[in-house]
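Structure file entry.txt (compact mmCIF, N, CA and C atoms) is printed below.
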# COMPACT_ATOMS: atom_id res chain seq x y z
N MET O 1 160.71 122.05 141.20
CA MET O 1 161.33 121.04 140.36
C MET O 1 160.82 119.65 140.74
N ARG O 2 160.77 119.38 142.02
CA ARG O 2 160.32 118.08 142.50
C ARG O 2 158.86 117.84 142.13
N CYS O 3 158.06 118.87 142.18
CA CYS O 3 156.64 118.77 141.86
C CYS O 3 156.43 118.41 140.39
N SER O 4 157.24 118.99 139.52
CA SER O 4 157.10 118.69 138.09
C SER O 4 157.53 117.26 137.79
N ARG O 5 158.53 116.74 138.48
CA ARG O 5 158.96 115.35 138.30
C ARG O 5 157.84 114.39 138.71
N VAL O 6 157.20 114.69 139.82
CA VAL O 6 156.10 113.85 140.30
C VAL O 6 154.94 113.89 139.30
N ALA O 7 154.65 115.06 138.76
CA ALA O 7 153.56 115.19 137.79
C ALA O 7 153.87 114.38 136.53
N VAL O 8 155.10 114.43 136.05
CA VAL O 8 155.49 113.66 134.87
C VAL O 8 155.41 112.17 135.16
N LEU O 9 155.86 111.75 136.33
CA LEU O 9 155.81 110.35 136.71
C LEU O 9 154.37 109.84 136.78
N VAL O 10 153.48 110.63 137.36
CA VAL O 10 152.06 110.25 137.45
C VAL O 10 151.46 110.15 136.05
N ALA O 11 151.77 111.11 135.19
CA ALA O 11 151.25 111.08 133.82
C ALA O 11 151.73 109.85 133.08
N MET O 12 153.00 109.49 133.24
CA MET O 12 153.54 108.30 132.57
C MET O 12 152.88 107.03 133.09
N LEU O 13 152.63 106.96 134.38
CA LEU O 13 151.97 105.79 134.95
C LEU O 13 150.54 105.66 134.44
N LEU O 14 149.83 106.78 134.34
CA LEU O 14 148.46 106.74 133.83
C LEU O 14 148.41 106.30 132.38
N LEU O 15 149.36 106.74 131.58
CA LEU O 15 149.41 106.31 130.18
C LEU O 15 149.75 104.83 130.06
N ALA O 16 150.59 104.34 130.96
CA ALA O 16 151.01 102.94 130.91
C ALA O 16 149.88 101.98 131.26
N VAL O 17 148.98 102.39 132.14
CA VAL O 17 147.91 101.49 132.57
C VAL O 17 146.57 101.78 131.91
N SER O 18 146.53 102.77 131.02
CA SER O 18 145.26 103.07 130.36
C SER O 18 144.89 101.93 129.42
N PRO O 19 143.60 101.62 129.30
CA PRO O 19 143.20 100.52 128.43
C PRO O 19 143.48 100.86 126.97
N THR O 20 143.92 99.85 126.24
CA THR O 20 144.18 100.05 124.82
C THR O 20 142.93 99.70 124.04
N PRO O 21 142.71 100.39 122.94
CA PRO O 21 141.53 100.06 122.14
C PRO O 21 141.66 98.66 121.58
N SER O 22 140.55 97.92 121.58
CA SER O 22 140.55 96.57 121.03
C SER O 22 139.32 96.38 120.16
N ARG O 23 139.19 95.21 119.60
CA ARG O 23 138.07 94.90 118.75
C ARG O 23 136.81 94.61 119.58
N ALA O 24 136.92 94.57 120.89
CA ALA O 24 135.80 94.20 121.75
C ALA O 24 134.59 95.11 121.56
N GLY O 25 134.79 96.36 121.16
CA GLY O 25 133.67 97.27 121.00
C GLY O 25 133.06 97.27 119.60
N LYS O 26 133.71 96.61 118.64
CA LYS O 26 133.24 96.64 117.26
C LYS O 26 132.11 95.63 117.06
N VAL O 27 131.12 96.01 116.26
CA VAL O 27 129.96 95.16 116.01
C VAL O 27 129.83 94.93 114.51
N ASP O 28 129.70 93.66 114.10
CA ASP O 28 129.52 93.31 112.70
C ASP O 28 128.21 92.55 112.55
N LYS O 29 127.44 92.86 111.47
CA LYS O 29 126.22 92.11 111.17
C LYS O 29 126.62 90.88 110.37
N LEU O 30 125.95 89.75 110.66
CA LEU O 30 126.38 88.50 110.07
C LEU O 30 125.20 87.54 109.92
N THR O 31 125.23 86.72 108.88
CA THR O 31 124.28 85.64 108.70
C THR O 31 125.08 84.35 108.58
N VAL O 32 124.71 83.35 109.37
CA VAL O 32 125.43 82.07 109.35
C VAL O 32 124.45 80.92 109.19
N MET O 33 124.97 79.79 108.73
CA MET O 33 124.17 78.58 108.59
C MET O 33 124.94 77.42 109.22
N GLY O 34 124.20 76.49 109.81
CA GLY O 34 124.82 75.32 110.41
C GLY O 34 123.89 74.64 111.38
N LYS O 35 124.44 73.68 112.12
CA LYS O 35 123.66 72.90 113.07
C LYS O 35 123.73 73.55 114.46
N LEU O 36 122.57 73.81 115.05
CA LEU O 36 122.50 74.41 116.39
C LEU O 36 122.71 73.33 117.44
N THR O 37 123.70 73.51 118.31
CA THR O 37 124.02 72.51 119.33
C THR O 37 124.21 73.15 120.70
N ARG O 38 124.09 72.33 121.73
CA ARG O 38 124.39 72.77 123.09
C ARG O 38 125.88 72.63 123.32
N VAL O 39 126.45 73.57 124.10
CA VAL O 39 127.87 73.53 124.42
C VAL O 39 128.07 73.86 125.89
N MET O 40 129.26 73.52 126.39
CA MET O 40 129.64 73.85 127.77
C MET O 40 131.04 74.44 127.73
N ALA O 41 131.35 75.29 128.71
CA ALA O 41 132.68 75.86 128.82
C ALA O 41 133.10 75.88 130.28
N LEU O 42 134.40 75.93 130.51
CA LEU O 42 134.93 76.00 131.87
C LEU O 42 134.38 77.21 132.60
N GLY O 43 133.99 77.02 133.82
CA GLY O 43 133.52 78.14 134.65
C GLY O 43 132.19 78.71 134.21
N GLY O 44 131.46 78.00 133.36
CA GLY O 44 130.16 78.49 132.90
C GLY O 44 130.28 79.72 132.03
N GLU O 45 131.41 79.89 131.33
CA GLU O 45 131.64 81.07 130.51
C GLU O 45 131.11 80.89 129.10
N SER O 46 129.88 80.43 128.99
CA SER O 46 129.29 80.22 127.68
C SER O 46 127.79 80.47 127.77
N SER O 47 127.21 80.79 126.63
CA SER O 47 125.76 80.96 126.58
C SER O 47 125.06 79.61 126.60
N GLY O 48 125.82 78.55 126.32
CA GLY O 48 125.26 77.21 126.29
C GLY O 48 124.84 76.76 124.90
N TRP O 49 124.98 77.63 123.90
CA TRP O 49 124.55 77.32 122.54
C TRP O 49 125.63 77.70 121.54
N ALA O 50 125.74 76.91 120.46
CA ALA O 50 126.66 77.22 119.38
C ALA O 50 126.08 76.71 118.07
N ILE O 51 126.55 77.29 116.99
CA ILE O 51 126.19 76.80 115.66
C ILE O 51 127.46 76.21 115.06
N ASP O 52 127.39 74.90 114.71
CA ASP O 52 128.48 74.25 113.99
C ASP O 52 128.34 74.71 112.54
N LEU O 53 129.24 75.59 112.13
CA LEU O 53 129.10 76.31 110.88
C LEU O 53 129.30 75.44 109.64
N ASN O 54 128.48 75.74 108.64
CA ASN O 54 128.60 75.10 107.34
C ASN O 54 128.23 76.16 106.30
N PRO O 55 129.16 76.82 105.68
CA PRO O 55 130.60 76.58 105.63
C PRO O 55 131.35 77.25 106.79
N VAL O 56 132.64 76.89 106.91
CA VAL O 56 133.52 77.47 107.93
C VAL O 56 133.65 78.97 107.66
N LEU O 57 133.84 79.74 108.74
CA LEU O 57 133.88 81.20 108.67
C LEU O 57 135.23 81.70 109.17
N THR O 58 135.70 82.81 108.63
CA THR O 58 136.92 83.44 109.14
C THR O 58 136.54 84.64 109.99
N VAL O 59 136.95 84.62 111.26
CA VAL O 59 136.65 85.70 112.21
C VAL O 59 137.96 86.16 112.84
N ASN O 60 138.24 87.44 112.75
CA ASN O 60 139.47 88.02 113.30
C ASN O 60 140.71 87.31 112.78
N GLY O 61 140.67 86.89 111.51
CA GLY O 61 141.82 86.24 110.90
C GLY O 61 141.97 84.77 111.22
N LYS O 62 141.01 84.19 111.95
CA LYS O 62 141.09 82.77 112.31
C LYS O 62 139.89 82.04 111.74
N GLN O 63 140.12 80.81 111.25
CA GLN O 63 139.01 80.01 110.76
C GLN O 63 138.24 79.45 111.95
N VAL O 64 136.91 79.60 111.90
CA VAL O 64 136.04 79.16 112.99
C VAL O 64 135.05 78.16 112.43
N SER O 65 134.98 76.98 113.05
CA SER O 65 134.03 75.96 112.59
C SER O 65 132.78 75.92 113.47
N SER O 66 132.85 76.57 114.62
CA SER O 66 131.71 76.64 115.54
C SER O 66 131.67 78.04 116.14
N LEU O 67 130.47 78.60 116.26
CA LEU O 67 130.33 79.97 116.75
C LEU O 67 129.32 80.00 117.89
N GLU O 68 129.75 80.51 119.04
CA GLU O 68 128.83 80.65 120.19
C GLU O 68 127.74 81.64 119.83
N VAL O 69 126.50 81.35 120.26
CA VAL O 69 125.38 82.24 119.97
C VAL O 69 124.64 82.59 121.26
N LYS O 70 124.07 83.79 121.28
CA LYS O 70 123.22 84.23 122.39
C LYS O 70 121.89 84.65 121.81
N CYS O 71 120.82 84.29 122.51
CA CYS O 71 119.47 84.63 122.05
C CYS O 71 118.60 84.86 123.27
N SER O 72 117.73 85.86 123.20
CA SER O 72 116.85 86.16 124.33
C SER O 72 115.72 85.14 124.44
N ASP O 73 115.47 84.37 123.39
CA ASP O 73 114.38 83.40 123.38
C ASP O 73 114.95 81.98 123.49
N ALA O 74 115.21 81.54 124.73
CA ALA O 74 115.81 80.23 124.97
C ALA O 74 114.90 79.10 124.48
N LYS O 75 113.59 79.26 124.57
CA LYS O 75 112.67 78.21 124.13
C LYS O 75 112.78 77.98 122.62
N LYS O 76 113.01 79.04 121.88
CA LYS O 76 113.17 78.91 120.44
C LYS O 76 114.42 78.10 120.12
N LEU O 77 115.51 78.37 120.86
CA LEU O 77 116.74 77.60 120.64
C LEU O 77 116.53 76.13 120.99
N GLU O 78 115.82 75.87 122.09
CA GLU O 78 115.55 74.49 122.48
C GLU O 78 114.76 73.76 121.40
N ALA O 79 113.81 74.44 120.77
CA ALA O 79 112.99 73.82 119.72
C ALA O 79 113.83 73.52 118.47
N LEU O 80 114.91 74.27 118.27
CA LEU O 80 115.74 74.09 117.08
C LEU O 80 117.01 73.28 117.35
N GLU O 81 117.15 72.76 118.56
CA GLU O 81 118.36 72.01 118.93
C GLU O 81 118.61 70.86 117.96
N ASN O 82 119.87 70.73 117.53
CA ASN O 82 120.33 69.68 116.61
C ASN O 82 119.70 69.75 115.23
N LYS O 83 119.20 70.92 114.84
CA LYS O 83 118.64 71.11 113.51
C LYS O 83 119.51 72.09 112.73
N MET O 84 119.42 72.00 111.40
CA MET O 84 120.12 72.95 110.54
C MET O 84 119.37 74.27 110.57
N VAL O 85 120.08 75.36 110.87
CA VAL O 85 119.44 76.66 111.02
C VAL O 85 120.17 77.73 110.21
N LYS O 86 119.46 78.82 109.99
CA LYS O 86 120.03 80.04 109.41
C LYS O 86 119.79 81.13 110.45
N ALA O 87 120.87 81.75 110.93
CA ALA O 87 120.76 82.75 111.99
C ALA O 87 121.37 84.07 111.53
N LYS O 88 120.69 85.16 111.89
CA LYS O 88 121.18 86.51 111.61
C LYS O 88 121.39 87.21 112.94
N GLY O 89 122.40 88.08 112.99
CA GLY O 89 122.64 88.83 114.21
C GLY O 89 123.88 89.68 114.11
N THR O 90 124.33 90.13 115.27
CA THR O 90 125.53 90.96 115.34
C THR O 90 126.65 90.16 115.99
N LEU O 91 127.82 90.25 115.39
CA LEU O 91 128.99 89.54 115.90
C LEU O 91 129.75 90.46 116.84
N THR O 92 129.94 90.00 118.06
CA THR O 92 130.70 90.74 119.05
C THR O 92 131.74 89.81 119.66
N ASN O 93 132.57 90.33 120.52
CA ASN O 93 133.55 89.51 121.22
C ASN O 93 133.20 89.50 122.70
N ALA O 94 133.23 88.31 123.29
CA ALA O 94 133.04 88.16 124.73
C ALA O 94 134.39 87.78 125.33
N VAL O 95 134.60 88.15 126.57
CA VAL O 95 135.86 87.84 127.25
C VAL O 95 135.55 87.08 128.53
N GLY O 96 136.24 85.97 128.72
CA GLY O 96 136.08 85.17 129.93
C GLY O 96 137.43 84.89 130.55
N VAL O 97 137.43 84.58 131.83
CA VAL O 97 138.67 84.30 132.55
C VAL O 97 139.33 83.05 131.98
N GLU O 98 138.57 81.98 131.81
CA GLU O 98 139.11 80.72 131.32
C GLU O 98 139.15 80.64 129.80
N THR O 99 138.14 81.21 129.13
CA THR O 99 138.03 81.05 127.68
C THR O 99 138.73 82.15 126.89
N GLY O 100 139.08 83.25 127.54
CA GLY O 100 139.71 84.36 126.84
C GLY O 100 138.71 85.09 125.95
N GLU O 101 139.22 85.77 124.93
CA GLU O 101 138.35 86.51 124.02
C GLU O 101 137.86 85.57 122.92
N ARG O 102 136.54 85.60 122.67
CA ARG O 102 135.95 84.72 121.67
C ARG O 102 134.80 85.42 120.97
N PRO O 103 134.56 85.07 119.70
CA PRO O 103 133.45 85.68 118.97
C PRO O 103 132.11 85.09 119.41
N VAL O 104 131.09 85.94 119.50
CA VAL O 104 129.74 85.51 119.88
C VAL O 104 128.74 86.19 118.93
N LEU O 105 127.79 85.41 118.42
CA LEU O 105 126.74 85.96 117.57
C LEU O 105 125.51 86.22 118.43
N ASN O 106 125.12 87.49 118.55
CA ASN O 106 123.89 87.87 119.26
C ASN O 106 122.75 87.80 118.25
N ILE O 107 121.94 86.78 118.36
CA ILE O 107 120.93 86.47 117.34
C ILE O 107 119.77 87.45 117.36
N SER O 108 119.44 87.97 116.17
CA SER O 108 118.23 88.79 116.01
C SER O 108 117.12 87.97 115.38
N SER O 109 117.48 86.96 114.55
CA SER O 109 116.49 86.04 114.00
C SER O 109 117.16 84.70 113.71
N ILE O 110 116.38 83.63 113.90
CA ILE O 110 116.88 82.29 113.64
C ILE O 110 115.71 81.45 113.15
N LYS O 111 115.97 80.62 112.13
CA LYS O 111 114.92 79.75 111.62
C LYS O 111 115.54 78.46 111.10
N GLU O 112 114.72 77.43 111.09
CA GLU O 112 115.17 76.13 110.60
C GLU O 112 115.30 76.19 109.09
N MET O 113 116.35 75.56 108.59
CA MET O 113 116.55 75.45 107.15
C MET O 113 115.94 74.14 106.70
N LYS O 114 115.08 74.20 105.72
CA LYS O 114 114.48 72.99 105.16
C LYS O 114 115.47 72.37 104.18
N GLU O 115 115.81 71.12 104.41
CA GLU O 115 116.72 70.43 103.50
C GLU O 115 115.96 69.92 102.31
N LYS O 116 116.58 70.01 101.14
CA LYS O 116 115.96 69.50 99.93
C LYS O 116 115.95 67.98 99.96
N ALA O 117 114.86 67.40 99.56
CA ALA O 117 114.77 65.94 99.51
C ALA O 117 115.69 65.41 98.41
N LYS O 118 116.42 64.38 98.73
CA LYS O 118 117.37 63.81 97.77
C LYS O 118 116.65 62.86 96.84
N GLY O 119 117.09 62.79 95.60
CA GLY O 119 116.52 61.87 94.64
C GLY O 119 115.22 62.36 94.02
N THR O 120 114.92 63.63 94.14
CA THR O 120 113.69 64.15 93.58
C THR O 120 113.95 65.11 92.42
N ASP O 121 115.16 65.02 91.86
CA ASP O 121 115.48 65.90 90.73
C ASP O 121 114.64 65.51 89.54
N LYS O 122 114.09 66.49 88.86
CA LYS O 122 113.29 66.24 87.68
C LYS O 122 114.14 66.48 86.45
N ASP O 123 114.04 65.60 85.47
CA ASP O 123 114.81 65.75 84.23
C ASP O 123 114.03 66.51 83.21

Could you write out this file's structure as structure tokens?
Amino acid sequence: MRCSRVAVLVAMLLLAVSPTPSRAGKVDKLTVMGKLTRVMALGGESSGWAIDLNPVLTVNGKQVSSLEVKCSDAKKLEALENKMVKAKGTLTNAVGVETGERPVLNISSIKEMKEKAKGTDKD
């Protein structure tokens, strides 16, 4: 009898501390446009880059005006700093001690957007 009580107690404890499924494992493909900027976060919990979105995007039910980005080609990001860009990639969630859970775009391609010259409309 005592052994079965211990087994039930252990099973209940394991269920109580088991990780719950979250959105952290889900991956979404996304294309965004905006200005590529450098950013900083507490404790260095950032890739150091973000896109100030234009237009604003809704992620996980929240409106986001800036989206952290990660890219394996840091020199490419440096060349595009403070420029309007179009970036494609997969949207994931990163978790940090200070920043908590936040959306991050893992860039697969990024390019500068050429702005149309103003006042050149033809009638």

Using only N, CA and C atoms, the best pick from O:Gly61, O:Lys83, O:Glu68, O:Val56 as closest to Gly34 (chain O) would be O:Lys83

Computed gap from atom C of Lys76 (chain O) to atom N of Glu98 (chain O) is 27.1 Å

| field | Residues within 6.5 Å of Asn54 (chain O), only N, CA and C atoms, excluding chain neighbours under 6 positions, as a ChimeraX atom specification | value | /O:33-35,65

Just to confirm, what's the straight-line distance from atom N of Leu30 (chain O) to atom C of Glu115 (chain O) in Å (one decimal)?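 Pair atom N of Leu30 (chain O) / atom C of Glu115 (chain O) returns 23.7 Å.
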
As a check of understanding: the span from CA of Asp52 (chain O) to CA of Ile110 (chain O) is 14.1 Å

Please list as a PDB file with N, CA and C atoms, in the frame of the given file every residue within 9 Å of Leu77 (chain O), counting only C-alpha atoms and excluding residues in the same chain fewer than 4 positions away.
ATOM      1  N   LEU O  36     122.570  73.810 115.050  1.00  0.00           N
ATOM      2  CA  LEU O  36     122.500  74.410 116.390  1.00  0.00           C
ATOM      3  C   LEU O  36     122.710  73.330 117.440  1.00  0.00           C
ATOM      4  N   THR O  37     123.700  73.510 118.310  1.00  0.00           N
ATOM      5  CA  THR O  37     124.020  72.510 119.330  1.00  0.00           C
ATOM      6  C   THR O  37     124.210  73.150 120.700  1.00  0.00           C
ATOM      7  N   TRP O  49     124.980  77.630 123.900  1.00  0.00           N
ATOM      8  CA  TRP O  49     124.550  77.320 122.540  1.00  0.00           C
ATOM      9  C   TRP O  49     125.630  77.700 121.540  1.00  0.00           C
ATOM     10  N   CYS O  71     120.820  84.290 122.510  1.00  0.00           N
ATOM     11  CA  CYS O  71     119.470  84.630 122.050  1.00  0.00           C
ATOM     12  C   CYS O  71     118.600  84.860 123.270  1.00  0.00           C
ATOM     13  N   ASP O  73     115.470  84.370 123.390  1.00  0.00           N
ATOM     14  CA  ASP O  73     114.380  83.400 123.380  1.00  0.00           C
ATOM     15  C   ASP O  73     114.950  81.980 123.490  1.00  0.00           C
ATOM     16  N   GLU O  81     117.150  72.760 118.560  1.00  0.00           N
ATOM     17  CA  GLU O  81     118.360  72.010 118.930  1.00  0.00           C
ATOM     18  C   GLU O  81     118.610  70.860 117.960  1.00  0.00           C
ATOM     19  N   ILE O 110     116.380  83.630 113.900  1.00  0.00           N
ATOM     20  CA  ILE O 110     116.880  82.290 113.640  1.00  0.00           C
ATOM     21  C   ILE O 110     115.710  81.450 113.150  1.00  0.00           C
TER      22      ILE O 110
END

Identify which of the residues O:Ala79, O:Ile51, O:Val95, O:Val32 lies closest to Ser66 (chain O), counting all atoms listed in the file when measuring atom-to-atom distances.
->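 Ranked by minimum distance to Ser66 (chain O), first place goes to O:Ile51.
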
| request: Among the residues of region 66-120 of chain O, find those DSSP assigns to helix (DSSP H, G or I) from the backbone and print them as an MDAnalysis selection string. | output: chainID O and resid 74:79

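Here the question is which of O:Met113, O:Gly89, O:Pro103, O:Ser108 gets nearest to Val59 (chain O) using all atoms listed in the file, and that residue is O:Pro103.
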
Open item on the list: Nearest residue to Met84 (chain O) out of O:Lys70, O:Arg102, O:Lys111, O:Lys62, using all atoms listed in the file?
Closed with: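 Using all atoms listed in the file, Met84 (chain O) sits closest to O:Lys111.
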